[in-house]
file model.txt (compact mmCIF, C-alpha atoms)
# COMPACT_ATOMS: atom_id res chain seq x y z
CA MET A 89 0.00 0.00 0.00
CA VAL A 90 1.35 3.43 -0.92
CA ILE A 91 0.01 6.52 0.84
CA ARG A 92 0.57 10.26 0.66
CA SER A 93 2.46 11.96 3.48
CA GLU A 94 -0.78 12.91 5.18
CA PHE A 95 -2.26 11.85 8.48
CA THR A 96 -5.68 11.04 7.00
CA ASP A 97 -3.98 8.48 4.75
CA LEU A 98 -2.03 7.16 7.73
CA ARG A 99 -5.27 6.49 9.61
CA ARG A 100 -6.80 4.60 6.69
CA ALA A 101 -3.72 2.42 6.18
CA GLN A 102 -3.42 1.70 9.88
CA GLN A 103 -7.09 0.73 10.12
CA ALA A 104 -6.78 -1.72 7.20
CA LEU A 105 -3.87 -3.40 8.98
CA LEU A 106 -5.65 -3.47 12.34
CA ASP A 107 -8.72 -5.02 10.73
CA GLU A 108 -6.48 -7.86 9.54
CA VAL A 109 -4.97 -8.22 13.01
CA ALA A 110 -8.46 -8.40 14.55
CA ARG A 111 -9.59 -10.94 11.94
CA HIS A 112 -6.74 -13.25 12.97
CA GLY A 113 -7.71 -13.19 16.64
CA TYR A 114 -4.77 -11.42 18.23
CA SER A 115 -4.87 -10.68 21.95
CA GLU A 116 -5.80 -7.21 23.15
CA SER A 117 -2.26 -6.56 24.32
CA ALA A 118 -0.78 -7.62 20.96
CA SER A 119 -3.29 -5.44 19.09
CA PHE A 120 -2.46 -2.50 21.39
CA ALA A 121 1.26 -3.02 20.70
CA ILE A 122 0.80 -3.23 16.92
CA ARG A 123 -1.40 -0.11 16.83
CA LEU A 124 1.09 1.89 18.88
CA ALA A 125 4.21 0.75 17.02
CA VAL A 126 2.68 1.25 13.57
CA GLU A 127 1.41 4.68 14.63
CA GLU A 128 4.94 5.65 15.66
CA ALA A 129 6.52 4.20 12.49
CA LEU A 130 4.05 5.95 10.17
CA ASN A 131 4.31 9.23 12.08
CA ASN A 132 8.09 9.09 11.83
CA ALA A 133 7.90 8.32 8.10
CA ILE A 134 5.56 11.24 7.39
CA LYS A 135 7.02 13.81 9.78
CA HIS A 136 10.73 13.06 9.88
CA GLY A 137 11.32 10.87 6.81
CA ASN A 138 9.25 12.70 4.23
CA ALA A 139 9.20 16.00 6.18
CA MET A 140 5.45 16.31 5.38
CA ASP A 141 6.29 16.76 1.70
CA PRO A 142 3.01 16.14 -0.18
CA ASP A 143 4.97 14.88 -3.21
CA LYS A 144 6.61 12.10 -1.21
CA ARG A 145 4.97 8.77 -0.49
CA VAL A 146 5.07 6.20 2.29
CA THR A 147 4.97 2.52 1.39
CA ILE A 148 3.46 0.08 3.86
CA CYS A 149 3.82 -3.67 3.38
CA TYR A 150 2.27 -6.07 5.83
CA GLU A 151 1.67 -9.73 6.29
CA VAL A 152 -0.66 -10.97 9.00
CA ASP A 153 -1.33 -14.58 9.89
CA GLU A 154 -2.41 -16.34 13.05
CA ARG A 155 1.18 -16.65 14.26
CA CYS A 156 2.71 -13.26 13.60
CA THR A 157 2.34 -9.81 12.08
CA GLU A 158 5.14 -8.27 10.07
CA VAL A 159 4.96 -4.64 8.92
CA THR A 160 7.48 -2.70 6.86
CA VAL A 161 7.19 1.08 6.52
CA ILE A 162 9.34 2.80 3.90
CA ASP A 163 9.63 6.54 3.43
CA GLU A 164 11.37 8.61 0.77
CA GLY A 165 13.61 10.49 3.16
CA ARG A 166 17.37 10.37 3.58
CA GLY A 167 17.24 7.88 6.43
CA PHE A 168 19.03 8.12 9.75
CA ASP A 169 21.25 6.15 12.08
CA PRO A 170 19.06 4.80 14.89
CA LYS A 171 22.16 4.39 17.10
CA ARG A 172 22.52 8.19 17.16
CA ILE A 173 19.06 8.79 18.58
CA PRO A 174 19.55 9.97 22.19
CA ASP A 175 18.13 7.88 25.01
CA PRO A 176 14.85 9.66 25.90
CA THR A 177 14.96 8.24 29.44
CA ALA A 178 18.34 9.85 30.23
CA ASP A 179 18.07 12.64 32.79
CA GLU A 180 19.14 15.29 30.27
CA ASN A 181 16.42 14.21 27.80
CA ILE A 182 13.58 13.17 30.06
CA GLU A 183 11.72 16.46 29.71
CA LYS A 184 12.24 16.87 25.98
CA PRO A 185 8.91 16.68 24.17
CA CYS A 186 10.06 14.32 21.40
CA GLY A 187 12.26 11.28 20.71
CA ARG A 188 10.24 8.46 22.28
CA GLY A 189 8.74 6.81 19.21
CA ILE A 190 11.57 4.39 18.48
CA MET A 191 11.81 3.40 22.14
CA LEU A 192 8.09 2.56 22.18
CA MET A 193 8.37 0.53 18.97
CA ARG A 194 11.21 -1.50 20.50
CA ALA A 195 9.38 -1.95 23.78
CA TYR A 196 6.16 -3.19 22.26
CA MET A 197 7.28 -5.26 19.27
CA ASP A 198 9.17 -8.55 19.29
CA ASP A 199 11.58 -7.38 16.62
CA VAL A 200 12.38 -3.93 15.17
CA GLN A 201 14.95 -3.43 12.43
CA PHE A 202 15.95 -0.30 10.57
CA LEU A 203 17.01 -1.07 7.02
CA GLY A 204 17.96 0.76 3.84
CA GLY A 205 19.96 3.47 5.63
CA GLY A 206 17.18 4.06 8.12
CA ASN A 207 14.31 4.94 5.82
CA GLN A 208 12.75 1.50 6.25
CA VAL A 209 11.56 -0.01 9.49
CA ARG A 210 10.48 -3.62 9.84
CA LEU A 211 8.27 -4.46 12.81
CA VAL A 212 7.38 -7.97 13.96
CA LYS A 213 4.84 -8.99 16.59
CA VAL A 214 4.15 -12.58 17.56
CA ASN A 215 0.55 -13.46 18.37
CA ASP A 216 0.79 -14.58 21.99
CA ARG A 217 -2.60 -16.28 21.69
CA HIS A 218 -1.13 -18.69 19.18
CA GLY A 219 1.25 -20.29 21.69
CA SER A 220 4.87 -19.60 22.51
CA ARG A 221 6.15 -22.80 20.88
CA ASP A 222 5.77 -21.10 17.49
CA ALA A 223 7.45 -17.82 18.44
CA SER A 224 10.93 -18.86 17.31
CA ASP A 225 9.90 -20.55 14.05
CA MET B 76 -11.58 30.25 10.64
CA GLN B 77 -13.27 26.93 11.30
CA GLN B 78 -14.46 26.43 14.90
CA GLN B 79 -12.75 23.41 16.47
CA GLU B 80 -14.81 20.88 18.40
CA PRO B 81 -14.16 20.74 22.13
CA ARG B 82 -11.72 17.90 22.88
CA LEU B 83 -11.95 18.32 26.62
CA SER B 84 -14.67 18.20 29.21
CA VAL B 85 -13.76 20.52 32.07
CA SER B 86 -15.26 20.83 35.54
CA VAL B 87 -13.95 22.84 38.47
CA GLU B 88 -13.74 21.38 41.96
CA ASP B 89 -12.36 23.47 44.84
CA GLY B 90 -10.52 25.69 42.39
CA VAL B 91 -8.97 22.75 40.54
CA SER B 92 -9.78 22.12 36.87
CA VAL B 93 -10.63 18.46 36.31
CA VAL B 94 -10.14 17.77 32.64
CA ARG B 95 -11.54 14.70 30.93
CA PHE B 96 -10.50 13.83 27.39
CA VAL B 97 -13.33 13.45 24.89
CA ASP B 98 -11.20 11.23 22.61
CA GLU B 99 -10.60 7.59 23.44
CA LYS B 100 -7.52 7.50 21.22
CA ILE B 101 -5.02 10.37 21.48
CA LEU B 102 -2.96 9.41 18.45
CA ASP B 103 -3.76 11.71 15.60
CA GLU B 104 -1.31 14.62 15.18
CA MET B 105 -4.08 17.08 14.38
CA SER B 106 -6.11 16.00 17.41
CA ILE B 107 -3.07 16.17 19.68
CA SER B 108 -2.29 19.64 18.47
CA GLU B 109 -5.88 20.75 19.14
CA ILE B 110 -6.00 19.07 22.57
CA GLY B 111 -2.71 20.78 23.41
CA ARG B 112 -4.10 24.14 22.29
CA GLN B 113 -7.23 23.72 24.44
CA LEU B 114 -5.18 22.65 27.49
CA GLU B 115 -2.80 25.58 27.02
CA ALA B 116 -5.82 27.92 26.92
CA LEU B 117 -6.84 26.62 30.36
CA VAL B 118 -3.32 27.22 31.66
CA ASN B 119 -3.19 30.71 30.17
CA GLU B 120 -6.48 31.85 31.69
CA ALA B 121 -5.42 30.92 35.25
CA SER B 122 -2.97 32.97 37.31
CA ARG B 123 -1.79 29.79 39.05
CA PRO B 124 -3.20 26.79 37.14
CA ARG B 125 -4.16 23.72 39.16
CA MET B 126 -5.23 20.88 36.98
CA VAL B 127 -6.07 17.17 37.10
CA LEU B 128 -6.10 15.30 33.81
CA ASP B 129 -8.52 12.38 33.94
CA PHE B 130 -7.36 9.59 31.61
CA SER B 131 -10.11 7.12 32.44
CA GLY B 132 -11.60 7.35 28.96
CA VAL B 133 -8.29 7.09 27.09
CA SER B 134 -7.33 3.71 25.66
CA HIS B 135 -4.47 4.66 23.30
CA MET B 136 -1.78 7.35 23.28
CA SER B 137 1.21 8.02 21.06
CA SER B 138 4.61 9.50 21.82
CA SER B 139 3.39 12.80 20.32
CA ALA B 140 0.71 12.95 23.02
CA LEU B 141 3.41 12.40 25.66
CA GLY B 142 5.33 15.30 24.14
CA MET B 143 2.26 17.52 24.36
CA LEU B 144 1.86 16.63 28.08
CA ILE B 145 5.52 17.43 28.77
CA THR B 146 5.15 20.87 27.19
CA LEU B 147 1.95 21.48 29.15
CA HIS B 148 3.65 20.41 32.40
CA LYS B 149 6.46 22.86 31.77
CA HIS B 150 4.03 25.74 31.21
CA VAL B 151 2.04 24.85 34.36
CA ARG B 152 5.24 24.88 36.43
CA GLU B 153 6.32 28.19 34.88
CA LYS B 154 3.15 29.68 36.35
CA ASP B 155 3.83 28.06 39.71
CA GLY B 156 0.86 25.73 39.16
CA ASP B 157 0.21 22.05 39.73
CA LEU B 158 -0.58 19.28 37.27
CA ARG B 159 -1.73 15.80 38.24
CA LEU B 160 -2.58 12.84 36.02
CA ALA B 161 -5.19 10.34 37.19
CA SER B 162 -7.07 7.15 36.32
CA ILE B 163 -4.60 6.01 33.68
CA GLN B 164 -5.47 2.59 32.29
CA PRO B 165 -2.78 -0.06 32.91
CA GLU B 166 -1.76 -0.34 29.23
CA ILE B 167 -1.22 3.42 29.03
CA TYR B 168 0.50 3.56 32.40
CA GLU B 169 3.02 1.08 31.02
CA VAL B 170 3.89 3.63 28.30
CA PHE B 171 4.68 6.15 31.05
CA VAL B 172 6.84 3.57 32.85
CA ILE B 173 8.76 2.55 29.70
CA THR B 174 9.55 6.18 28.94
CA ARG B 175 10.25 6.95 32.64
CA LEU B 176 7.65 9.70 32.54
CA ASN B 177 6.07 8.22 35.65
CA ASP B 178 9.05 9.90 37.40
CA VAL B 179 8.23 13.27 35.82
CA PHE B 180 4.46 13.45 36.36
CA ARG B 181 2.54 13.07 39.59
CA ILE B 182 0.21 10.19 38.75
CA HIS B 183 -2.70 9.06 40.94
CA ASP B 184 -4.94 6.01 40.73
CA ALA B 185 -8.13 8.09 40.93
CA VAL B 186 -9.23 11.67 40.30
CA SER B 187 -10.42 11.94 43.92
CA GLU B 188 -6.92 11.05 45.10
CA ALA B 189 -5.37 13.63 42.78
CA LEU B 190 -7.79 16.28 44.08
CA GLU B 191 -6.93 15.41 47.68
CA SER B 192 -3.25 15.90 46.91
CA LEU B 193 -4.01 19.46 45.78
CA THR B 194 -6.10 20.55 48.75
call {"tool": "encode", "arguments": {"input": "model.txt", "output": "structure tokens"}}
result
Amino acid sequence: MVIRSEFTDLRRAQQALLDEVARHGYSESASFAIRLAVEEALNNAIKHGNAMDPDKRVTICYEVDERCTEVTVIDEGRGFDPKRIPDPTADENIEKPCGRGIMLMRAYMDDVQFLGGGNQVRLVKVNDRHGSRDASD
Amino acid sequence: MQQQEPRLSVSVEDGVSVVRFVDEKILDEMSISEIGRQLEALVNEASRPRMVLDFSGVSHMSSSALGMLITLHKHVREKDGDLRLASIQPEIYEVFVITRLNDVFRIHDAVSEALESLT
């Protein structure tokens, strides 16, 4: 799915994904995690990646089955080095109003990888209702 | 200019503004910006703002919403006021814990408790 760098498009794309997640019977906590992480990834892509440029697009690829959800968000920005993002929980940053999105993605998803120079993020969430024996498959 | 819908429900108890969010999901950038504007208006109209934010109706929040709360907190403190957060659902409270913002904000289990702490 390819969307414009606009928040109305973000909402529509996110809802389509969440409908799939609901259809596959994910737990409430897993659905909460996916909604939050995808919100942060799409916000970052639109605001920071594409700098709200209406001519730039965000590509969202997702695959949902009963075991796991995998989402990749790609923007048309220059990318970034996630290692250089300051720790938002450090005393000197704790009262800064931004910089917590990546931390939340990492906290709520089972796997988060930045690819392609930082303009792609791949998010994976295992469906805990499906049983832990499948989590490492 | 288009009139914005109220995003907050505000009551005053013993001089303290108790603010309930109309939205269940505080995710959307435009909504967050408008909620922030309406909260800032409450801060600006008080000489020493005292405010309890009631999160009982909020089921989802993004990092942008956290940022808006941090900015609000700063402005309340600049006016020598007090800000309390209350009735945060466990899933949302976890977001505050992960980001260590539970150390920054005074958070109470219930609005009544938050009001007691201000009187």
call {"tool": "residues_near_point", "arguments": {"input": "model.txt", "point": "(-0.1, -1.6, 13.8)", "cutoff": "10 Å", "atoms": "only C-alpha atoms", "output": "short mmCIF file (atom, residue, chain, number, x, y, z; two decimals) with C-alpha atoms, keeping the file's coordinate frame"}}
result
data_model
loop_
_atom_site.label_atom_id
_atom_site.label_comp_id
_atom_site.auth_asym_id
_atom_site.auth_seq_id
_atom_site.Cartn_x
_atom_site.Cartn_y
_atom_site.Cartn_z
CA ALA A 101 -3.72 2.42 6.18
CA GLN A 102 -3.42 1.70 9.88
CA GLN A 103 -7.09 0.73 10.12
CA ALA A 104 -6.78 -1.72 7.20
CA LEU A 105 -3.87 -3.40 8.98
CA LEU A 106 -5.65 -3.47 12.34
CA ASP A 107 -8.72 -5.02 10.73
CA GLU A 108 -6.48 -7.86 9.54
CA VAL A 109 -4.97 -8.22 13.01
CA ALA A 118 -0.78 -7.62 20.96
CA SER A 119 -3.29 -5.44 19.09
CA PHE A 120 -2.46 -2.50 21.39
CA ALA A 121 1.26 -3.02 20.70
CA ILE A 122 0.80 -3.23 16.92
CA ARG A 123 -1.40 -0.11 16.83
CA LEU A 124 1.09 1.89 18.88
CA ALA A 125 4.21 0.75 17.02
CA VAL A 126 2.68 1.25 13.57
CA GLU A 127 1.41 4.68 14.63
CA GLU A 128 4.94 5.65 15.66
CA ALA A 129 6.52 4.20 12.49
CA LEU A 130 4.05 5.95 10.17
CA TYR A 150 2.27 -6.07 5.83
CA THR A 157 2.34 -9.81 12.08
CA GLU A 158 5.14 -8.27 10.07
CA VAL A 159 4.96 -4.64 8.92
CA MET A 197 7.28 -5.26 19.27
CA LEU A 211 8.27 -4.46 12.81
CA VAL A 212 7.38 -7.97 13.96
CA LYS A 213 4.84 -8.99 16.59
#
call {"tool": "atom_distance", "arguments": {"input": "model.txt", "atom1": "atom CA of A:Gly167", "atom2": "atom CA of A:Asn132"}}
result
10.7 Å
call {"tool": "residues_around", "arguments": {"input": "model.txt", "residues": "B:Val87", "least_positions_apart": "5", "cutoff": "10 Å", "atoms": "only C-alpha atoms", "output": "number ranges by chain"}}
result
B: 92-94, 125-127
call {"tool": "write_last_selection", "arguments": {"input": "model.txt", "atoms": "C-alpha atoms", "output": "PDB file, keeping the file's coordinate frame"}}
result
ATOM      1  CA  SER B  92      -9.780  22.120  36.870  1.00  0.00           C
ATOM      2  CA  VAL B  93     -10.630  18.460  36.310  1.00  0.00           C
ATOM      3  CA  VAL B  94     -10.140  17.770  32.640  1.00  0.00           C
ATOM      4  CA  ARG B 125      -4.160  23.720  39.160  1.00  0.00           C
ATOM      5  CA  MET B 126      -5.230  20.880  36.980  1.00  0.00           C
ATOM      6  CA  VAL B 127      -6.070  17.170  37.100  1.00  0.00           C
TER       7      VAL B 127
END
call {"tool": "closest_residue", "arguments": {"input": "model.txt", "among": "B:Ser137, B:Gln164, B:Ser86, B:Thr174", "to": "B:Ser106", "atoms": "only C-alpha atoms"}}
result
B:Ser137
call {"tool": "closest_atom_pairs", "arguments": {"input": "model.txt", "of": "chain B", "to": "chain A", "cutoff": "8 Å", "atoms": "all atoms listed in the file", "output": "Markdown table"}}
result
| residue | atom | partner | partner_atom | distance |
| --- | --- | --- | --- | --- |
| B:Leu102 | CA | A:Glu127 | CA | 7.5 |
| B:Asp103 | CA | A:Phe95 | CA | 7.3 |
| B:Glu104 | CA | A:Phe95 | CA | 7.3 |
| B:His135 | CA | A:Leu124 | CA | 7.6 |
| B:Met136 | CA | A:Leu124 | CA | 7.6 |
| B:Ser137 | CA | A:Leu124 | CA | 6.5 |
| B:Ser138 | CA | A:Gly189 | CA | 5.6 |
| B:Ser139 | CA | A:Cys186 | CA | 6.9 |
| B:Leu141 | CA | A:Pro185 | CA | 7.1 |
| B:Gly142 | CA | A:Pro185 | CA | 3.8 |
| B:Met143 | CA | A:Pro185 | CA | 6.7 |
| B:Ile145 | CA | A:Pro185 | CA | 5.8 |
| B:Thr146 | CA | A:Pro185 | CA | 6.4 |
| B:Glu166 | CA | A:Ser117 | CA | 7.9 |
| B:Val170 | CA | A:Leu192 | CA | 7.5 |
| B:Ile173 | CA | A:Ala195 | CA | 7.5 |
| B:Thr174 | CA | A:Thr177 | CA | 5.8 |
| B:Arg175 | CA | A:Thr177 | CA | 5.8 |
| B:Leu176 | CA | A:Ile182 | CA | 7.3 |
| B:Val179 | CA | A:Glu183 | CA | 7.7 |
call {"tool": "atom_distance", "arguments": {"input": "model.txt", "atom1": "atom CA of B:Leu83", "atom2": "atom CA of B:Arg95"}}
result
5.6 Å
call {"tool": "closest_residue", "arguments": {"input": "model.txt", "among": "B:Lys154, B:His148, B:Glu99, B:Asp129", "to": "B:Glu188", "atoms": "all atoms listed in the file"}}
result
B:Asp129
call {"tool": "residues_near_point", "arguments": {"input": "model.txt", "point": "(-0.2, 14.7, 39.1)", "cutoff": "8 Å", "atoms": "all atoms listed in the file", "output": "short mmCIF file (atom, residue, chain, number, x, y, z; two decimals) with C-alpha atoms, keeping the file's coordinate frame"}}
result
data_model
loop_
_atom_site.label_atom_id
_atom_site.label_comp_id
_atom_site.auth_asym_id
_atom_site.auth_seq_id
_atom_site.Cartn_x
_atom_site.Cartn_y
_atom_site.Cartn_z
CA VAL B 127 -6.07 17.17 37.10
CA LEU B 128 -6.10 15.30 33.81
CA ASP B 157 0.21 22.05 39.73
CA LEU B 158 -0.58 19.28 37.27
CA ARG B 159 -1.73 15.80 38.24
CA LEU B 160 -2.58 12.84 36.02
CA ALA B 161 -5.19 10.34 37.19
CA PHE B 180 4.46 13.45 36.36
CA ARG B 181 2.54 13.07 39.59
CA ILE B 182 0.21 10.19 38.75
CA HIS B 183 -2.70 9.06 40.94
CA ALA B 189 -5.37 13.63 42.78
#
call {"tool": "atom_distance", "arguments": {"input": "model.txt", "atom1": "atom CA of B:Glu88", "atom2": "atom CA of B:Ala121"}}
result
14.3 Å
call {"tool": "closest_residue", "arguments": {"input": "model.txt", "among": "A:Val209, A:Ile173, A:Val214, A:Ala110", "to": "A:Cys149", "atoms": "all atoms listed in the file"}}
result
A:Val209
call {"tool": "closest_residue", "arguments": {"input": "model.txt", "among": "A:Asp153, A:Asp199, A:Glu180, A:Asp216", "to": "A:Arg111", "atoms": "only C-alpha atoms"}}
result
A:Asp153
call {"tool": "residues_around", "arguments": {"input": "model.txt", "residues": "stretch 136-138 of chain A", "least_positions_apart": "6", "cutoff": "9 Å", "atoms": "only C-alpha atoms", "output": "ChimeraX atom specification"}}
result
/A:93,144-146,162-168,207
call {"tool": "axis_aligned_box", "arguments": {"input": "model.txt", "around": "stretch 134-137 of chain B", "padding_each_side": "6 Å", "output": "AutoDock Vina command-line options"}}
result
--center_x -3.1 --center_y 5.9 --center_z 23.4 --size_x 20.5 --size_y 16.3 --size_z 16.6
call {"tool": "closest_residue", "arguments": {"input": "model.txt", "among": "B:Val186, B:Ile167, B:Leu117, B:Val172", "to": "B:Lys100", "atoms": "all atoms listed in the file"}}
result
B:Ile167
call {"tool": "decode", "arguments": {"input": "model.txt", "residues": "stretch 112-126 of chain B", "atoms": "N, CA and C atoms", "output": "PDB file, in the first residue's frame"}}
result
ATOM      1  N   ARG B 112      -3.691  22.732  22.352  1.00  0.00           N
ATOM      2  CA  ARG B 112      -4.103  24.139  22.288  1.00  0.00           C
ATOM      3  C   ARG B 112      -5.186  24.423  23.344  1.00  0.00           C
ATOM      4  N   GLN B 113      -6.135  23.512  23.485  1.00  0.00           N
ATOM      5  CA  GLN B 113      -7.231  23.722  24.445  1.00  0.00           C
ATOM      6  C   GLN B 113      -6.731  23.627  25.895  1.00  0.00           C
ATOM      7  N   LEU B 114      -5.761  22.741  26.143  1.00  0.00           N
ATOM      8  CA  LEU B 114      -5.178  22.649  27.492  1.00  0.00           C
ATOM      9  C   LEU B 114      -4.363  23.904  27.806  1.00  0.00           C
ATOM     10  N   GLU B 115      -3.616  24.368  26.820  1.00  0.00           N
ATOM     11  CA  GLU B 115      -2.804  25.584  27.023  1.00  0.00           C
ATOM     12  C   GLU B 115      -3.703  26.788  27.305  1.00  0.00           C
ATOM     13  N   ALA B 116      -4.880  26.813  26.671  1.00  0.00           N
ATOM     14  CA  ALA B 116      -5.817  27.920  26.917  1.00  0.00           C
ATOM     15  C   ALA B 116      -6.250  27.915  28.385  1.00  0.00           C
ATOM     16  N   LEU B 117      -6.466  26.718  28.941  1.00  0.00           N
ATOM     17  CA  LEU B 117      -6.838  26.622  30.358  1.00  0.00           C
ATOM     18  C   LEU B 117      -5.709  27.132  31.254  1.00  0.00           C
ATOM     19  N   VAL B 118      -4.482  26.774  30.882  1.00  0.00           N
ATOM     20  CA  VAL B 118      -3.318  27.223  31.661  1.00  0.00           C
ATOM     21  C   VAL B 118      -3.192  28.739  31.576  1.00  0.00           C
ATOM     22  N   ASN B 119      -3.377  29.265  30.380  1.00  0.00           N
ATOM     23  CA  ASN B 119      -3.188  30.713  30.171  1.00  0.00           C
ATOM     24  C   ASN B 119      -4.219  31.560  30.910  1.00  0.00           C
ATOM     25  N   GLU B 120      -5.430  31.019  31.080  1.00  0.00           N
ATOM     26  CA  GLU B 120      -6.476  31.849  31.691  1.00  0.00           C
ATOM     27  C   GLU B 120      -6.404  31.833  33.230  1.00  0.00           C
ATOM     28  N   ALA B 121      -5.541  30.986  33.791  1.00  0.00           N
ATOM     29  CA  ALA B 121      -5.416  30.922  35.255  1.00  0.00           C
ATOM     30  C   ALA B 121      -4.131  31.626  35.696  1.00  0.00           C
ATOM     31  N   SER B 122      -4.208  32.326  36.836  1.00  0.00           N
ATOM     32  CA  SER B 122      -2.974  32.974  37.308  1.00  0.00           C
ATOM     33  C   SER B 122      -2.030  31.910  37.879  1.00  0.00           C
ATOM     34  N   ARG B 123      -2.604  30.895  38.541  1.00  0.00           N
ATOM     35  CA  ARG B 123      -1.795  29.786  39.051  1.00  0.00           C
ATOM     36  C   ARG B 123      -2.575  28.495  38.755  1.00  0.00           C
ATOM     37  N   PRO B 124      -2.354  27.915  37.574  1.00  0.00           N
ATOM     38  CA  PRO B 124      -3.199  26.789  37.141  1.00  0.00           C
ATOM     39  C   PRO B 124      -3.038  25.560  38.032  1.00  0.00           C
ATOM     40  N   ARG B 125      -4.167  24.984  38.415  1.00  0.00           N
ATOM     41  CA  ARG B 125      -4.160  23.721  39.164  1.00  0.00           C
ATOM     42  C   ARG B 125      -5.083  22.789  38.396  1.00  0.00           C
ATOM     43  N   MET B 126      -4.527  21.669  37.976  1.00  0.00           N
ATOM     44  CA  MET B 126      -5.226  20.878  36.975  1.00  0.00           C
ATOM     45  C   MET B 126      -5.047  19.376  37.213  1.00  0.00           C
TER      46      MET B 126
END
